[in-house]
$ cat query_32.txt   # compact mmCIF, C-alpha atoms
# COMPACT_ATOMS: atom_id res chain seq x y z
CA MET A 17 -53.28 72.99 -38.30
CA ASN A 18 -53.07 70.15 -35.81
CA LEU A 19 -49.72 69.01 -34.46
CA THR A 20 -48.68 66.20 -32.19
CA ILE A 21 -45.62 66.90 -30.09
CA ALA A 22 -43.59 64.18 -28.40
CA LEU A 23 -42.11 65.30 -25.09
CA PHE A 24 -38.98 64.10 -23.34
CA GLY A 25 -37.28 64.59 -20.00
CA ILE A 26 -38.38 67.43 -17.81
CA ALA A 27 -40.59 68.84 -20.61
CA ARG A 28 -42.74 65.71 -20.26
CA GLU A 29 -43.05 66.28 -16.53
CA ILE A 30 -44.01 69.91 -16.93
CA VAL A 31 -46.73 69.11 -19.46
CA GLY A 32 -47.77 65.96 -17.62
CA GLN A 33 -48.01 63.69 -20.67
CA SER A 34 -45.66 62.11 -23.21
CA THR A 35 -47.42 63.46 -26.31
CA LEU A 36 -49.34 66.67 -26.68
CA PRO A 37 -51.90 67.42 -29.43
CA LEU A 38 -51.92 71.10 -30.28
CA THR A 39 -53.67 73.32 -32.79
CA VAL A 40 -51.57 76.19 -34.12
CA PRO A 41 -51.91 78.67 -37.01
CA ASP A 42 -50.79 77.39 -40.43
CA GLY A 43 -47.14 78.09 -41.13
CA GLN A 44 -46.21 78.34 -37.45
CA SER A 45 -42.44 78.33 -36.92
CA ALA A 46 -40.50 76.25 -34.40
CA ALA A 47 -39.87 79.38 -32.32
CA GLY A 48 -43.57 80.29 -32.54
CA LEU A 49 -44.50 76.85 -31.30
CA LEU A 50 -42.13 77.17 -28.35
CA ALA A 51 -43.58 80.58 -27.49
CA GLU A 52 -47.10 79.14 -27.61
CA LEU A 53 -46.11 76.23 -25.36
CA ARG A 54 -44.41 78.57 -22.92
CA THR A 55 -47.59 80.59 -22.60
CA ARG A 56 -49.61 77.48 -21.86
CA TYR A 57 -47.00 75.92 -19.61
CA PRO A 58 -45.06 78.76 -17.96
CA ALA A 59 -42.60 76.31 -16.37
CA LEU A 60 -41.31 75.52 -19.88
CA ALA A 61 -40.07 79.10 -20.05
CA GLY A 62 -37.60 78.21 -17.32
CA LEU A 63 -35.82 75.74 -19.62
CA ARG A 64 -32.92 77.55 -21.22
CA SER A 65 -31.94 74.78 -23.60
CA LEU A 66 -34.75 72.89 -25.27
CA ALA A 67 -34.09 71.32 -28.64
CA VAL A 68 -37.01 71.19 -31.07
CA ALA A 69 -36.78 68.25 -33.46
CA VAL A 70 -38.78 68.34 -36.67
CA ASN A 71 -38.72 65.11 -38.68
CA SER A 72 -35.59 64.05 -36.78
CA GLU A 73 -33.75 67.26 -37.63
CA TYR A 74 -32.71 69.90 -35.13
CA ALA A 75 -35.00 72.79 -36.01
CA ALA A 76 -33.76 76.36 -36.29
CA ALA A 77 -36.01 79.05 -34.81
CA ASP A 78 -37.51 79.96 -38.20
CA THR A 79 -38.17 76.38 -39.39
CA PRO A 80 -41.80 76.31 -40.63
CA LEU A 81 -43.98 73.47 -39.32
CA HIS A 82 -46.44 71.34 -41.27
CA GLU A 83 -49.32 69.20 -40.15
CA GLN A 84 -47.67 65.85 -40.86
CA ASP A 85 -44.38 66.79 -39.19
CA GLU A 86 -43.01 64.62 -36.45
CA ILE A 87 -42.17 67.08 -33.69
CA ALA A 88 -40.34 66.43 -30.45
CA LEU A 89 -39.13 68.59 -27.58
CA ILE A 90 -35.84 67.31 -26.23
CA PRO A 91 -34.24 68.97 -23.20
CA PRO A 92 -30.73 67.96 -22.13
CA VAL A 93 -30.50 65.46 -19.29
CA SER A 94 -27.55 65.18 -16.94
CA GLY A 95 -27.81 62.00 -14.89
CA GLY A 96 -25.00 59.46 -14.84
CA MET Q 23 5.32 38.11 -39.72
CA SER Q 24 5.19 37.42 -36.03
CA SER Q 25 2.09 38.46 -34.13
CA LEU Q 26 2.00 41.57 -31.98
CA PHE Q 27 0.01 39.57 -29.45
CA SER Q 28 0.97 36.60 -27.30
CA ALA Q 29 -0.78 33.27 -27.84
CA PRO Q 30 -3.11 33.78 -24.83
CA GLU Q 31 -3.93 37.29 -26.04
CA ARG Q 32 -4.71 36.02 -29.51
CA GLN Q 33 -7.01 33.47 -27.94
CA ARG Q 34 -8.60 36.02 -25.68
CA TYR Q 35 -9.34 38.54 -28.41
CA ARG Q 36 -10.05 35.93 -31.11
CA ARG Q 37 -13.60 37.12 -31.81
CA HIS Q 38 -12.27 40.57 -32.58
CA LEU Q 39 -9.34 39.22 -34.59
CA GLN Q 40 -11.81 37.23 -36.67
CA LEU Q 41 -13.60 40.39 -37.76
CA ALA Q 42 -12.03 41.76 -40.93
CA GLU Q 43 -13.00 45.27 -39.72
CA ILE Q 44 -10.89 44.86 -36.56
CA GLY Q 45 -8.21 42.16 -36.89
CA GLU Q 46 -4.79 42.47 -35.29
CA ALA Q 47 -4.35 46.06 -36.45
CA GLY Q 48 -7.61 47.07 -34.80
CA GLN Q 49 -6.92 45.15 -31.62
CA LEU Q 50 -3.53 46.88 -31.46
CA ARG Q 51 -5.27 50.25 -31.75
CA LEU Q 52 -7.43 49.29 -28.80
CA ARG Q 53 -4.35 48.30 -26.81
CA GLN Q 54 -2.62 51.56 -27.64
CA ALA Q 55 -5.70 53.69 -26.91
CA ARG Q 56 -5.91 55.89 -23.83
CA VAL Q 57 -9.50 56.53 -22.77
CA LEU Q 58 -10.64 58.74 -19.91
CA VAL Q 59 -13.96 57.75 -18.34
CA VAL Q 60 -15.40 60.56 -16.24
CA GLY Q 61 -17.77 59.29 -13.58
CA ALA Q 62 -17.55 55.72 -12.24
CA GLY Q 63 -21.28 55.56 -11.50
CA GLY Q 64 -24.27 54.15 -13.35
CA LEU Q 65 -22.91 54.94 -16.81
CA GLY Q 66 -19.25 54.60 -15.88
CA CYS Q 67 -19.57 50.99 -14.69
CA PRO Q 68 -20.73 49.42 -17.99
CA ILE Q 69 -18.50 51.76 -20.00
CA LEU Q 70 -15.46 50.68 -17.99
CA GLN Q 71 -16.39 47.00 -18.03
CA TYR Q 72 -16.72 46.78 -21.79
CA LEU Q 73 -13.72 48.96 -22.58
CA ALA Q 74 -11.56 47.00 -20.13
CA ALA Q 75 -12.75 43.67 -21.50
CA ALA Q 76 -12.17 44.89 -25.05
CA GLY Q 77 -8.51 45.43 -24.20
CA VAL Q 78 -8.34 49.23 -24.19
CA GLY Q 79 -4.75 49.50 -22.98
CA THR Q 80 -4.98 52.59 -20.79
CA LEU Q 81 -8.18 53.43 -18.96
CA GLY Q 82 -8.41 56.53 -16.80
CA LEU Q 83 -11.05 56.57 -14.06
CA ALA Q 84 -12.08 59.97 -12.74
CA ASP Q 85 -14.51 60.17 -9.81
CA ALA Q 86 -14.19 61.65 -6.33
CA ASP Q 87 -17.11 59.77 -4.80
CA ARG Q 88 -17.23 56.77 -2.54
CA VAL Q 89 -19.52 53.78 -3.06
CA GLU Q 90 -22.89 54.10 -1.30
CA LEU Q 91 -25.50 51.45 -0.67
CA THR Q 92 -27.96 53.28 -2.96
CA ASN Q 93 -25.48 52.84 -5.84
CA LEU Q 94 -25.50 49.04 -5.89
CA PRO Q 95 -28.61 48.31 -8.02
CA ARG Q 96 -27.20 50.13 -11.03
CA GLN Q 97 -23.45 50.52 -10.44
CA ILE Q 98 -22.70 46.91 -11.07
CA LEU Q 99 -18.94 46.93 -10.54
CA TYR Q 100 -19.60 47.28 -6.80
CA GLY Q 101 -20.91 45.03 -4.07
CA PRO Q 102 -21.84 45.63 -0.45
CA ALA Q 103 -18.24 45.10 0.68
CA ASP Q 104 -17.23 48.14 -1.39
CA VAL Q 105 -19.53 50.59 0.42
CA GLY Q 106 -17.37 53.41 1.72
CA ARG Q 107 -14.48 52.71 -0.68
CA LEU Q 108 -13.43 55.23 -3.29
CA LYS Q 109 -15.25 54.31 -6.47
CA VAL Q 110 -12.13 54.51 -8.60
CA GLU Q 111 -10.35 52.05 -6.31
CA ALA Q 112 -13.24 49.62 -6.06
CA ALA Q 113 -13.78 49.85 -9.83
CA ALA Q 114 -10.10 49.29 -10.61
CA SER Q 115 -10.02 46.15 -8.42
CA ALA Q 116 -13.01 44.74 -10.28
CA LEU Q 117 -11.57 45.71 -13.66
CA ARG Q 118 -8.22 44.07 -12.88
CA HIS Q 119 -10.09 40.82 -12.33
CA LEU Q 120 -11.84 41.34 -15.64
CA ASN Q 121 -8.72 42.20 -17.63
CA GLU Q 122 -5.32 42.18 -15.97
CA LEU Q 123 -3.53 43.28 -19.15
CA ASN Q 124 -4.68 46.93 -19.17
CA THR Q 125 -3.28 49.85 -17.23
CA TYR Q 126 -5.78 51.59 -14.96
CA VAL Q 127 -5.02 55.16 -13.98
CA LEU Q 128 -6.95 56.42 -10.98
CA HIS Q 129 -8.04 60.05 -10.63
CA PRO Q 130 -9.92 60.21 -7.31
CA GLU Q 131 -10.91 63.81 -7.88
CA ARG Q 132 -13.80 65.84 -9.19
CA VAL Q 133 -13.10 67.18 -12.67
CA SER Q 134 -12.78 70.94 -12.30
CA PRO Q 135 -11.56 73.93 -14.29
CA ALA Q 136 -8.29 73.58 -12.38
CA ASN Q 137 -7.50 70.00 -13.41
CA VAL Q 138 -9.49 69.36 -16.58
CA ARG Q 139 -6.82 70.41 -19.05
CA ALA Q 140 -4.14 68.09 -17.70
CA LEU Q 141 -6.62 65.24 -17.34
CA VAL Q 142 -8.00 65.42 -20.87
CA ALA Q 143 -4.59 66.05 -22.45
CA ALA Q 144 -3.33 62.68 -21.20
CA TYR Q 145 -5.99 60.73 -23.15
CA ASP Q 146 -7.10 60.22 -26.76
CA VAL Q 147 -10.82 59.86 -26.15
CA VAL Q 148 -13.06 61.13 -23.32
CA VAL Q 149 -16.22 59.28 -22.30
CA ASP Q 150 -18.64 61.34 -20.23
CA GLY Q 151 -20.62 59.47 -17.59
CA SER Q 152 -20.82 62.39 -15.19
CA ASP Q 153 -23.99 63.34 -13.33
CA ASN Q 154 -24.24 67.10 -13.66
CA PHE Q 155 -24.41 69.83 -16.29
CA PRO Q 156 -21.39 71.90 -15.17
CA THR Q 157 -19.08 68.89 -15.66
CA ARG Q 158 -20.67 68.15 -19.03
CA TYR Q 159 -20.02 71.69 -20.30
CA LEU Q 160 -16.53 71.67 -18.79
CA LEU Q 161 -15.61 68.39 -20.54
CA ASN Q 162 -17.07 69.62 -23.82
CA ASP Q 163 -15.04 72.80 -23.71
CA ALA Q 164 -11.86 70.94 -22.68
CA CYS Q 165 -12.32 68.50 -25.58
CA VAL Q 166 -12.72 71.45 -27.94
CA SER Q 167 -9.60 73.14 -26.53
CA LEU Q 168 -7.52 69.98 -26.80
CA GLY Q 169 -9.08 68.41 -29.90
CA ARG Q 170 -10.43 65.25 -28.31
CA PRO Q 171 -13.64 63.41 -29.22
CA LEU Q 172 -16.23 63.27 -26.44
CA VAL Q 173 -18.50 60.23 -26.18
CA SER Q 174 -21.38 61.64 -24.19
CA GLY Q 175 -24.22 59.82 -22.46
CA ALA Q 176 -26.79 61.01 -19.94
CA ILE Q 177 -29.84 59.57 -18.24
CA TYR Q 178 -33.03 60.77 -16.60
CA LYS Q 179 -35.51 58.43 -14.90
CA PHE Q 180 -36.47 56.14 -17.83
CA GLU Q 181 -34.75 58.06 -20.65
CA GLY Q 182 -31.26 58.26 -22.03
CA GLN Q 183 -29.30 60.24 -24.62
CA VAL Q 184 -26.03 59.46 -26.41
CA SER Q 185 -23.96 61.44 -28.89
CA VAL Q 186 -20.33 61.83 -29.90
CA PHE Q 187 -19.23 65.45 -29.83
CA ASN Q 188 -16.25 67.19 -31.38
CA TYR Q 189 -15.45 64.18 -33.57
CA GLN Q 190 -13.49 65.07 -36.72
CA ASP Q 191 -14.73 68.67 -36.71
CA GLY Q 192 -18.28 67.55 -36.00
CA PRO Q 193 -20.66 69.53 -33.80
CA THR Q 194 -20.19 69.93 -30.05
CA TYR Q 195 -22.47 69.70 -27.02
CA ARG Q 196 -23.06 73.44 -27.26
CA CYS Q 197 -24.30 73.17 -30.87
CA LEU Q 198 -27.14 71.02 -29.52
CA PHE Q 199 -27.73 72.71 -26.17
CA PRO Q 200 -26.22 76.21 -26.35
CA GLU Q 201 -27.37 77.43 -22.94
CA PRO Q 202 -26.27 75.52 -19.83
CA PRO Q 203 -29.45 74.68 -17.94
CA GLY Q 204 -30.10 76.46 -14.69
CA ALA Q 205 -30.66 74.91 -11.30
CA ALA Q 206 -34.41 74.49 -11.86
CA GLU Q 207 -33.76 72.37 -14.93
CA ALA Q 208 -31.40 69.98 -13.18
CA PRO Q 209 -33.37 68.07 -10.60
CA ASP Q 210 -30.68 65.37 -10.87
CA CYS Q 211 -27.78 65.86 -8.46
CA ASN Q 212 -28.29 62.24 -7.41
CA THR Q 213 -31.71 63.06 -5.99
CA THR Q 214 -33.91 61.78 -8.81
CA GLY Q 215 -34.94 58.16 -9.12
CA VAL Q 216 -33.69 56.13 -12.06
CA LEU Q 217 -34.55 52.74 -13.55
CA ASN Q 218 -31.64 50.52 -12.57
CA VAL Q 219 -30.94 48.98 -16.01
CA LEU Q 220 -31.14 52.31 -17.85
CA PRO Q 221 -27.47 53.28 -17.32
CA GLY Q 222 -26.56 49.77 -18.48
CA LEU Q 223 -28.33 50.37 -21.80
CA ILE Q 224 -26.94 53.84 -22.29
CA GLY Q 225 -23.43 53.06 -21.01
CA THR Q 226 -23.02 50.10 -23.37
CA VAL Q 227 -24.03 52.30 -26.29
CA GLN Q 228 -21.34 54.76 -25.18
CA ALA Q 229 -18.81 51.92 -24.99
CA THR Q 230 -19.82 50.88 -28.51
CA GLU Q 231 -19.25 54.39 -29.82
CA ALA Q 232 -15.94 54.70 -27.97
CA VAL Q 233 -14.69 51.48 -29.62
CA LYS Q 234 -15.87 52.76 -33.03
CA VAL Q 235 -14.07 56.06 -32.47
CA ILE Q 236 -10.85 54.26 -31.52
CA LEU Q 237 -11.06 51.90 -34.50
CA GLY Q 238 -12.44 54.43 -36.99
CA LEU Q 239 -15.23 51.93 -37.56
CA GLY Q 240 -18.53 52.57 -39.33
CA ASP Q 241 -20.50 55.77 -38.88
CA VAL Q 242 -19.79 57.29 -35.49
CA LEU Q 243 -22.80 58.90 -33.75
CA SER Q 244 -21.50 62.38 -34.55
CA GLY Q 245 -23.96 65.13 -35.46
CA ARG Q 246 -26.73 62.89 -34.18
CA LEU Q 247 -28.31 62.58 -30.75
CA TRP Q 248 -29.79 59.20 -29.97
CA VAL Q 249 -32.68 59.41 -27.50
CA LEU Q 250 -34.19 56.33 -25.89
CA ASP Q 251 -37.40 56.25 -23.85
CA THR Q 252 -37.60 52.82 -22.21
CA LEU Q 253 -41.24 53.29 -21.09
CA THR Q 254 -42.65 53.59 -24.59
CA PHE Q 255 -39.65 51.89 -26.16
CA GLN Q 256 -39.38 54.64 -28.64
CA SER Q 257 -36.01 55.79 -29.81
CA ARG Q 258 -35.21 58.73 -32.01
CA THR Q 259 -32.11 59.99 -33.67
CA LEU Q 260 -31.99 63.75 -33.93
CA ARG Q 261 -29.60 65.13 -36.55
CA PHE Q 262 -27.94 68.42 -35.77
CA LYS Q 263 -25.27 70.57 -37.38
CA ARG Q 264 -22.13 72.31 -36.33
CA ASP Q 265 -22.82 75.89 -35.27
CA ALA Q 266 -19.88 78.16 -36.04
CA VAL Q 267 -20.26 80.23 -32.87
CA GLN Q 268 -21.15 77.47 -30.40
CA SER Q 269 -18.55 74.99 -31.64
CA ALA Q 270 -15.80 77.58 -31.17
CA ILE Q 271 -16.44 77.91 -27.43
CA ASN Q 272 -13.58 76.36 -25.47
CA LEU Q 273 -12.01 76.54 -22.02
CA ASP Q 274 -10.53 79.96 -22.72
CA THR Q 275 -13.63 81.60 -24.15
CA ALA Q 276 -16.45 80.07 -22.07
CA ASN Q 277 -18.26 81.85 -19.29
CA ALA Q 278 -16.77 80.49 -16.04
CA ALA Q 279 -20.27 80.39 -14.53
CA ASP Q 280 -21.09 77.51 -16.90
CA TYR Q 281 -18.89 75.30 -14.76
CA PHE Q 282 -20.59 76.04 -11.48
CA ASP Q 283 -24.01 75.04 -10.32
CA VAL Q 284 -25.11 76.53 -7.01
CA SER Q 285 -27.82 73.95 -6.52
CA CYS Q 286 -25.43 71.05 -6.75
CA ALA Q 287 -22.52 72.55 -4.88
CA PRO Q 288 -22.04 71.24 -1.37
CA ILE Q 289 -23.10 73.83 1.16
CA THR Q 290 -19.89 74.77 2.88
CA PRO Q 291 -20.59 78.26 4.10
CA ALA Q 292 -17.98 80.25 5.84
CA SER Q 293 -18.56 79.85 9.55
CA LEU Q 294 -17.01 80.72 12.88
CA THR Q 295 -16.97 78.96 16.24
CA ALA Q 296 -18.60 80.13 19.45
CA GLU Q 297 -15.17 81.01 20.85
CA GLU Q 298 -14.29 83.10 17.77
CA LEU Q 299 -17.62 84.92 18.05
CA ARG Q 300 -16.95 85.74 21.70
CA GLN Q 301 -13.61 87.27 20.75
CA GLN Q 302 -15.16 89.28 17.90
CA LEU Q 303 -17.97 90.58 20.13
CA ALA Q 304 -15.36 91.76 22.63
CA SER Q 305 -13.33 93.53 19.93
CA ALA Q 306 -13.50 97.21 18.93
CA ALA Q 307 -15.55 96.39 15.81
CA PRO Q 308 -18.11 93.78 16.86
CA PRO Q 309 -20.18 92.13 14.10
CA LEU Q 310 -23.91 92.63 13.71
CA LEU Q 311 -25.76 89.58 15.01
CA LEU Q 312 -28.58 88.24 12.85
CA ASP Q 313 -31.00 85.74 14.40
CA VAL Q 314 -32.79 83.74 11.67
CA ARG Q 315 -35.02 81.65 13.98
CA GLY Q 316 -38.71 82.31 14.65
CA PRO Q 317 -40.08 85.05 17.00
CA LEU Q 318 -40.95 82.56 19.77
CA GLU Q 319 -37.47 81.10 19.80
CA PHE Q 320 -36.10 84.64 19.80
CA GLN Q 321 -38.27 85.56 22.78
CA ARG Q 322 -37.01 82.57 24.73
CA ARG Q 323 -33.37 83.47 24.33
CA HIS Q 324 -31.30 85.57 21.98
CA LEU Q 325 -27.90 87.16 21.94
CA PRO Q 326 -27.77 90.79 23.13
CA GLY Q 327 -28.26 93.28 20.33
CA ALA Q 328 -29.30 90.63 17.80
CA LEU Q 329 -31.60 91.54 14.93
CA LEU Q 330 -34.48 89.10 14.34
CA LEU Q 331 -34.96 88.15 10.70
CA PRO Q 332 -36.61 84.70 10.36
CA LEU Q 333 -35.18 82.58 7.56
CA PRO Q 334 -38.48 82.36 5.59
CA GLU Q 335 -38.53 86.17 5.37
CA LEU Q 336 -34.85 86.59 4.63
CA ALA Q 337 -35.04 86.72 0.84
CA ALA Q 338 -37.75 89.42 0.93
CA ARG Q 339 -35.98 91.47 3.60
CA ALA Q 340 -32.36 90.96 2.55
CA THR Q 341 -31.87 94.70 2.09
CA GLU Q 342 -32.07 95.09 5.89
CA VAL Q 343 -28.75 93.25 6.19
CA PRO Q 344 -25.81 95.67 6.10
CA ARG Q 345 -23.03 95.11 3.59
CA THR Q 346 -20.38 97.28 5.14
CA ARG Q 347 -20.19 95.75 8.59
CA PRO Q 348 -19.31 92.12 9.46
CA VAL Q 349 -22.45 90.05 10.03
CA VAL Q 350 -22.74 86.81 12.01
CA VAL Q 351 -25.89 84.76 11.40
CA TYR Q 352 -27.02 82.33 14.08
CA CYS Q 353 -29.88 79.96 14.82
CA GLN Q 354 -30.47 77.12 17.27
CA SER Q 355 -28.05 74.49 15.94
CA GLY Q 356 -26.32 76.07 12.92
CA VAL Q 357 -28.41 74.57 10.10
CA ARG Q 358 -30.74 77.48 9.34
CA SER Q 359 -27.94 80.01 9.75
CA ALA Q 360 -25.76 78.09 7.26
CA ARG Q 361 -28.62 78.24 4.74
CA ALA Q 362 -29.16 81.91 5.45
CA ALA Q 363 -25.48 82.74 5.00
CA GLU Q 364 -25.40 80.77 1.76
CA LEU Q 365 -28.53 82.53 0.50
CA LEU Q 366 -27.10 85.96 1.29
CA ARG Q 367 -23.85 85.05 -0.43
CA SER Q 368 -25.09 83.31 -3.57
CA GLU Q 369 -28.35 85.16 -4.23
CA PHE Q 370 -27.57 88.63 -2.94
CA GLY Q 371 -23.79 88.81 -3.25
CA TYR Q 372 -22.96 89.42 0.39
CA ASP Q 373 -19.30 88.77 1.21
CA ASN Q 374 -19.38 89.90 4.86
CA VAL Q 375 -21.54 87.12 6.33
CA LEU Q 376 -20.46 84.22 8.57
CA SER Q 377 -22.59 81.53 10.19
CA LEU Q 378 -22.21 80.56 13.86
CA SER Q 379 -21.19 76.91 13.83
CA GLY Q 380 -23.31 74.79 16.22
CA GLY Q 381 -25.68 77.71 16.83
CA LEU Q 382 -26.88 78.79 20.29
CA GLU Q 383 -26.54 75.22 21.49
CA GLU Q 384 -22.78 75.64 21.31
CA TYR Q 385 -22.82 79.17 22.66
CA ALA Q 386 -23.10 78.97 26.45
CA GLU Q 387 -24.96 81.75 28.23
$ encode --input "query_32.txt" --output "structure tokens"
Amino acid sequence: MNLTIALFGIAREIVGQSTLPLTVPDGQSAAGLLAELRTRYPALAGLRSLAVAVNSEYAAADTPLHEQDEIALIPPVSGG
Amino acid sequence: MSSLFSAPERQRYRRHLQLAEIGEAGQLRLRQARVLVVGAGGLGCPILQYLAAAGVGTLGLADADRVELTNLPRQILYGPADVGRLKVEAAASALRHLNELNTYVLHPERVSPANVRALVAAYDVVVDGSDNFPTRYLLNDACVSLGRPLVSGAIYKFEGQVSVFNYQDGPTYRCLFPEPPGAAEAPDCNTTGVLNVLPGLIGTVQATEAVKVILGLGDVLSGRLWVLDTLTFQSRTLRFKRDAVQSAINLDTANAADYFDVSCAPITPASLTAEELRQQLASAAPPLLLDVRGPLEFQRRHLPGALLLPLPELAARATEVPRTRPVVVYCQSGVRSARAAELLRSEFGYDNVLSLSGGLEEYAE
């Protein structure tokens, strides 16, 4: 299935774009998606806290993804 | 019934008094509220301005920094005449002009594990406008320990995030971001660029939420993270839940390392002077001398008996440095040796390493 992932903060800088189209196996979980992204972009593996949002909900590791889902990667930011 | 406010106060706060949701009772709650604002920088300035103008009776300002020229475009309480002043003092002067009726309590100190409990305990609400992760986790855990709501905001380049943590048993910062980011994830430390109006946008949203928390007004941004990207003008609200394990973490149960970030800590390595080194070299147990300059510099001049270990190779060859004998690292002027000593201490756990202050330039032949 095809997903579009919105990227924020340092995740956007690592990937180099604000949205990322990605094809993943049907039924991929949120954790599976993160693992896939970390393989493609090893620098993402250095981010210890990276919230995955699916349809505006914080996604648990086993949350299954669907093609129409609105997915975003949101790392914490610390500037003040 | 006579009013709790004087005629000028009633006039001043009339637009609030006219709102059925606020009225005199609400305005009184604002006057009685004690709010701690941590960080008097980009976020802190608009937060403080709006809370002061709203008539929040007691405002605590916590920041150890002084105003710098680079602050002025976004830290709008300050002008060029304030450069060099303590931020909390410059901010309080500006706020007294804005609203002379409030009490401003100045805390010209960095919030640390040593002072956080007493600081937070003296206030009803904490607003986080700090600029680093260790302070954010520290404030979260202190608010959990002491049962205070935390109105959190943070910015990065063109993006901002706001949420209210630990509000009426709602989720905490750790429910959203369980693992404190490491040094590589925090390029902030005042070194990253930022759009000047961004902290104005994010800070005023924090002030809005702080007023709502004080007044018990509407739906507080608890269990939701609001994310704004000014470049695309997209905003999202991410809902998240309380995690039983993460929300229980407080000052007493957290890992102390969460409150310390090596990359952001000022480099203040233990050092010794040329005179102290002379005395040590003349003693019965002289230290090992470690020269971290390049081979050519070493060839030109080095201290007798010194071991050459250029700084770029230090990490790979750290095992050559003894742990059981005192070690003094030196270079030409003391900069490289300070870095080397810090590297040995923080990355490899050496506790027997000092840096020669001023380097060879201070150490006469």
$ closest_atom_pairs --input "query_32.txt" --of "chain Q" --to "chain A" --cutoff "6 Å" --atoms "only C-alpha atoms" --output "CSV"
residue,atom,partner,partner_atom,distance
Q:Gly64,CA,A:Gly96,CA,5.6
Q:Leu65,CA,A:Gly96,CA,5.4
Q:Gly151,CA,A:Gly96,CA,5.2
Q:Ser152,CA,A:Gly96,CA,5.1
Q:Asp153,CA,A:Gly96,CA,4.3
Q:Asn154,CA,A:Ser94,CA,5.0
Q:Phe155,CA,A:Ser94,CA,5.6
Q:Ala176,CA,A:Ser94,CA,5.2
Q:Ile177,CA,A:Gly95,CA,4.6
Q:Tyr178,CA,A:Gly95,CA,5.6
Q:Phe199,CA,A:Ser65,CA,5.3
Q:Glu201,CA,A:Ser65,CA,5.3
Q:Pro203,CA,A:Arg64,CA,5.6
Q:Asp210,CA,A:Gly95,CA,6.0
Q:Leu260,CA,A:Ser72,CA,4.6
Q:Arg261,CA,A:Glu73,CA,4.8
Q:Phe262,CA,A:Tyr74,CA,5.0
$ atom_distance --input "query_32.txt" --atom1 "CA of Val216 in chain Q" --atom2 "CA of Phe180 in chain Q"
6.4 Å
$ axis_aligned_box --input "query_32.txt" --around "range 41-51 of chain A" --padding-each-side "8 Å" --output "AutoDock Vina command-line options"
--center_x -45.9 --center_y 78.4 --center_z -34.3 --size_x 28.0 --size_y 20.3 --size_z 29.6
$ residues_around --input "query_32.txt" --residues "Met17 in chain A" --least-positions-apart "5" --cutoff "10 Å" --atoms "only C-alpha atoms" --output "VMD selection string"
chain A and resid 38 to 44 81 to 84
$ atom_distance --input "query_32.txt" --atom1 "CA of Phe320 in chain Q" --atom2 "CA of Ser305 in chain Q"
24.4 Å
$ closest_residue --input "query_32.txt" --among "Q:Cys197, Q:Pro221, Q:Ser167, Q:Ala337" --to "Asn93 in chain Q" --atoms "all atoms listed in the file"
Q:Pro221
$ atom_distance --input "query_32.txt" --atom1 "CA of Leu123 in chain Q" --atom2 "CA of Ile98 in chain Q"
21.1 Å
$ residues_around --input "query_32.txt" --residues "range 187-192 of chain Q" --least-positions-apart "5" --cutoff "8 Å" --atoms "all atoms listed in the file" --output "list in words"
Asn162, Cys165, Val166, Gly169, Arg170, Pro171, Leu172, Val173, Ser174, Ser244, Gly245, Lys263 and Arg264 of chain Q
$ decode --input "query_32.txt" --residues "range 84-93 of chain A" --atoms "N, CA and C atoms" --output "mmCIF file, in the first residue's frame"
data_model
loop_
_atom_site.group_PDB
_atom_site.id
_atom_site.type_symbol
_atom_site.label_atom_id
_atom_site.label_comp_id
_atom_site.auth_asym_id
_atom_site.auth_seq_id
_atom_site.Cartn_x
_atom_site.Cartn_y
_atom_site.Cartn_z
ATOM 1 N N GLN A 84 -5.340 5.110 3.487
ATOM 2 C CA GLN A 84 -5.856 6.478 3.568
ATOM 3 C C GLN A 84 -5.425 7.207 4.851
ATOM 4 N N ASP A 85 -4.668 6.549 5.694
ATOM 5 C CA ASP A 85 -4.312 7.149 6.980
ATOM 6 C C ASP A 85 -3.460 8.400 6.805
ATOM 7 N N GLU A 86 -3.700 9.338 7.692
ATOM 8 C CA GLU A 86 -2.868 10.532 7.724
ATOM 9 C C GLU A 86 -1.769 10.276 8.758
ATOM 10 N N ILE A 87 -0.550 10.168 8.280
ATOM 11 C CA ILE A 87 0.551 9.755 9.165
ATOM 12 C C ILE A 87 1.557 10.887 9.310
ATOM 13 N N ALA A 88 2.007 11.107 10.522
ATOM 14 C CA ALA A 88 3.024 12.143 10.749
ATOM 15 C C ALA A 88 4.060 11.646 11.746
ATOM 16 N N LEU A 89 5.301 12.052 11.518
ATOM 17 C CA LEU A 89 6.382 11.760 12.467
ATOM 18 C C LEU A 89 6.703 13.052 13.199
ATOM 19 N N ILE A 90 6.550 13.016 14.513
ATOM 20 C CA ILE A 90 6.725 14.236 15.300
ATOM 21 C C ILE A 90 7.773 14.027 16.396
ATOM 22 N N PRO A 91 8.980 14.530 16.205
ATOM 23 C CA PRO A 91 9.974 14.450 17.271
ATOM 24 C C PRO A 91 9.772 15.616 18.243
ATOM 25 N N PRO A 92 10.245 15.487 19.471
ATOM 26 C CA PRO A 92 10.154 16.627 20.386
ATOM 27 C C PRO A 92 11.108 17.727 19.924
ATOM 28 N N VAL A 93 10.751 18.962 20.196
ATOM 29 C CA VAL A 93 11.674 20.072 19.944
ATOM 30 C C VAL A 93 11.923 20.762 21.279
#
